[in-house]
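Below you'll find the structure, written out as structure tokens, and then a few comments.
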Amino acid sequence: MILKPQIEDLKTIGYYLGKIIIGLGLFMFLPVIVGIIFREINPILDFSLGILICLSAGGALIFFCKTERDLNWMQGMIVVSLSWLVASILGAIPFYLSQHWASFLDACFDSMSGFATTGLVLVQDLDHLSHSHNIWRHLIMFMGGQGIVVVALSFLVKGMSGAFKMYVGEAREEKILPNVISTARFIWLVSIVYLVLSTLALGAVGWLNGMRPVNAFFHGACIFMAAFDTGGFTPQSQNILYYHSFPFEIITITIMILGALNFKMHYHLWMGNRREILRDIETITFFTTIMITFAITAIGLERMGIYPAPLVLFRKGFFQLISAHTGTGYATIYSQQFINSWGNLALVGIISAMALGGSASSTTGGIKMLRIGIVFKALREDIKRIVLPENAILVQKFHHIKEIFLDDKQVRAALLITLSYLMLYGIGSLVGMLFGYPFLNSLFESTSAAANVGLSCGITDVGMPAALKITYMIQMWAGRLEFISVFALIGFIVAWVKGR
Amino acid sequence: MQKIPHAVQGIVIEIIYALAIMLCAFIIGTAILFIFK
């Protein structure tokens, strides 16, 4: 028998959701400050209205749902899945008011794309968007990469037990420090340190290349936020191609790779455990899959004969590959070139890289390296079992920060999530094909949305059907939360309808 | 106080890891262009 949720459950969910909405409203003060600096009157009004709506909605939820109860597992998961949906809608308000988005759905699409660190865009005339709106695009990507709930945990949530449940619901099953709030703060520390270093490096390169200093460092900060959080928004419509700079591309690749590392790995390396990077299953799998998918892509590109020089192959082929593998979505080619010039084999390499993703507990999307590593480890052990004598005892272990015994439960969990991702990629492709797009194009775009990558082969456009926009939005949301919280929300709705 | 040098070392190692990936990819790309020519 399914138990119907009680009114107390709704109150607890509403109370914590209200806190997260307040947090979102407070973050909107940053674009207002940018607006004051750059003297942008209309954007200041857009964000003031956004702040007013967020603070009113959040305040009303906290007032009417006030409770002393801590979250249980189900409630924690539902708060997470709802907060991502609500944040995407509320975060879209300033976008829509700017009139750079054709409809509120388009504004919500870009907002979801930002929070989910995807990078697919429907914005029009990006090159003339205000600084305030541009910083908001990158800020929501930064918040999404950190995890909206991680942001709230750092500043607004006091209860430890409820905090951990929301942290897990946001697809970050690994605690770095014993206390989950300290973990959230460590994630901030890493991001802020790299924000300063990378903004200086990118800003200096931009400045040396002839950009005005203010613009160079503004672009540096924006590019860092979207690269480290493997999002892929840029302040210019030409993406990274705009900068035409090899050093800029090398720094961006470095940031993308750093963003794809597990925060737990960052912690152990920063604490002096230098050898971890050579022993961990994730860093080894990440290195291996990059090399395999790049080899496939490079062979495909060589067959097409479009990048005959090694340096050009690296700048074009490897840049898109690492952007796909880390789930960033930055590009140094135009989107139509994937279909018109790259050929099927190179596209298969890129799609595979997008599907695989980066490390667990990082800002990337996709299946994740820990799961791929575990599945391959299990496969290798099963083959060994067949080859070795029947009475041989096999000890199955892998190294992920510490030595871990491989058991069937871990393999089952890894396979289930892998299967869910493959189904999500497939469903999106099917919807794309229903609207008349070719198979490979549909698979490319669907994988890009569901794995939160953001590379586009040209389907994502203002003119695409509204149903396809909604499909991609659902894919971005489910892919970012790694299904568990989404399944919990579906279960909650079923219990509400069918429960007694 | 020992935390800061460790963190700096950690940052350097992470950057070396990223550069190693780039170098290996460049070698693979060059080899593929050379072999399949």
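Identifiers for the structure tokens are assigned positionally: chains receive A, B, ... in sequence, residues are indexed from 1 per chain, and ligands are indexed from 1 in the order shown.
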
Mind listing as an MDAnalysis selection string which residues of chain B are within 7 Å of chain A, counting only C-alpha atoms?
-> chainID B and resid 3 6:7 9:10 14:15 18 21 25:26 28:30 32:33

Requested write-out: N, CA and C atoms of the selected residues, as a PDB file, in the first residue's frame:
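Heads up, here's the output in part-v3.pdb:
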ATOM      1  N   LYS B   3      49.322  23.875   5.177  1.00  0.00           N
ATOM      2  CA  LYS B   3      48.248  23.640   4.208  1.00  0.00           C
ATOM      3  C   LYS B   3      48.469  24.416   2.910  1.00  0.00           C
ATOM      4  N   HIS B   6      50.978  22.807   0.470  1.00  0.00           N
ATOM      5  CA  HIS B   6      50.339  21.603  -0.064  1.00  0.00           C
ATOM      6  C   HIS B   6      49.313  21.954  -1.127  1.00  0.00           C
ATOM      7  N   ALA B   7      48.528  22.992  -0.867  1.00  0.00           N
ATOM      8  CA  ALA B   7      47.499  23.414  -1.837  1.00  0.00           C
ATOM      9  C   ALA B   7      48.161  23.887  -3.132  1.00  0.00           C
ATOM     10  N   GLN B   9      51.096  22.941  -4.267  1.00  0.00           N
ATOM     11  CA  GLN B   9      51.572  21.714  -4.942  1.00  0.00           C
ATOM     12  C   GLN B   9      50.416  21.017  -5.653  1.00  0.00           C
ATOM     13  N   GLY B  10      49.273  20.951  -4.981  1.00  0.00           N
ATOM     14  CA  GLY B  10      48.086  20.312  -5.561  1.00  0.00           C
ATOM     15  C   GLY B  10      47.680  20.995  -6.853  1.00  0.00           C
ATOM     16  N   GLU B  14      47.661  19.329 -10.617  1.00  0.00           N
ATOM     17  CA  GLU B  14      46.448  19.312 -11.447  1.00  0.00           C
ATOM     18  C   GLU B  14      46.728  19.932 -12.826  1.00  0.00           C
ATOM     19  N   ILE B  15      47.494  21.014 -12.835  1.00  0.00           N
ATOM     20  CA  ILE B  15      47.816  21.653 -14.126  1.00  0.00           C
ATOM     21  C   ILE B  15      48.723  20.738 -14.957  1.00  0.00           C
ATOM     22  N   ALA B  18      46.612  18.137 -16.624  1.00  0.00           N
ATOM     23  CA  ALA B  18      45.910  18.681 -17.798  1.00  0.00           C
ATOM     24  C   ALA B  18      46.883  18.822 -18.979  1.00  0.00           C
ATOM     25  N   ILE B  21      47.669  15.445 -20.543  1.00  0.00           N
ATOM     26  CA  ILE B  21      46.577  14.994 -21.425  1.00  0.00           C
ATOM     27  C   ILE B  21      46.716  15.663 -22.796  1.00  0.00           C
ATOM     28  N   ALA B  25      47.517  13.798 -26.366  1.00  0.00           N
ATOM     29  CA  ALA B  25      46.549  13.940 -27.463  1.00  0.00           C
ATOM     30  C   ALA B  25      47.248  14.487 -28.707  1.00  0.00           C
ATOM     31  N   PHE B  26      48.141  15.442 -28.499  1.00  0.00           N
ATOM     32  CA  PHE B  26      48.868  16.017 -29.643  1.00  0.00           C
ATOM     33  C   PHE B  26      49.706  14.934 -30.330  1.00  0.00           C
ATOM     34  N   ILE B  28      49.171  11.661 -30.253  1.00  0.00           N
ATOM     35  CA  ILE B  28      48.257  10.728 -30.925  1.00  0.00           C
ATOM     36  C   ILE B  28      47.762  11.322 -32.251  1.00  0.00           C
ATOM     37  N   GLY B  29      47.374  12.586 -32.217  1.00  0.00           N
ATOM     38  CA  GLY B  29      46.895  13.250 -33.432  1.00  0.00           C
ATOM     39  C   GLY B  29      47.959  13.267 -34.515  1.00  0.00           C
ATOM     40  N   THR B  30      49.190  13.622 -34.114  1.00  0.00           N
ATOM     41  CA  THR B  30      50.295  13.681 -35.081  1.00  0.00           C
ATOM     42  C   THR B  30      50.555  12.290 -35.655  1.00  0.00           C
ATOM     43  N   ILE B  32      48.481   9.785 -35.926  1.00  0.00           N
ATOM     44  CA  ILE B  32      47.385   9.386 -36.825  1.00  0.00           C
ATOM     45  C   ILE B  32      47.535  10.056 -38.195  1.00  0.00           C
ATOM     46  N   LEU B  33      47.878  11.337 -38.173  1.00  0.00           N
ATOM     47  CA  LEU B  33      48.081  12.035 -39.459  1.00  0.00           C
ATOM     48  C   LEU B  33      49.227  11.396 -40.245  1.00  0.00           C
TER      49      LEU B  33
END

Spatial neighbours of Gly203 (chain A), max dist 7 Å, only C-alpha atoms, sep filter under 6 positions, as a JSON list (two decimals) with C-alpha atoms, in the first residue's frame:
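And here's out_31.json as it stands now:
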[["chain", "number", "residue", "atom", "x", "y", "z"],
["A", 216, "ALA", "CA", 39.51, 41.39, -21.05],
["A", 217, "PHE", "CA", 39.07, 40.63, -17.34],
["A", 220, "GLY", "CA", 38.14, 36.17, -18.39]]

Surrounding residues of Asn262 (chain A) excluding itself and chain neighbours under 2 positions, 7 Å, only C-alpha atoms, as a list of chain:residue names = A:Ala260, A:Lys264, A:Met265, A:His266, A:Ser359, A:Ala360, A:Ser361, A:Ser362
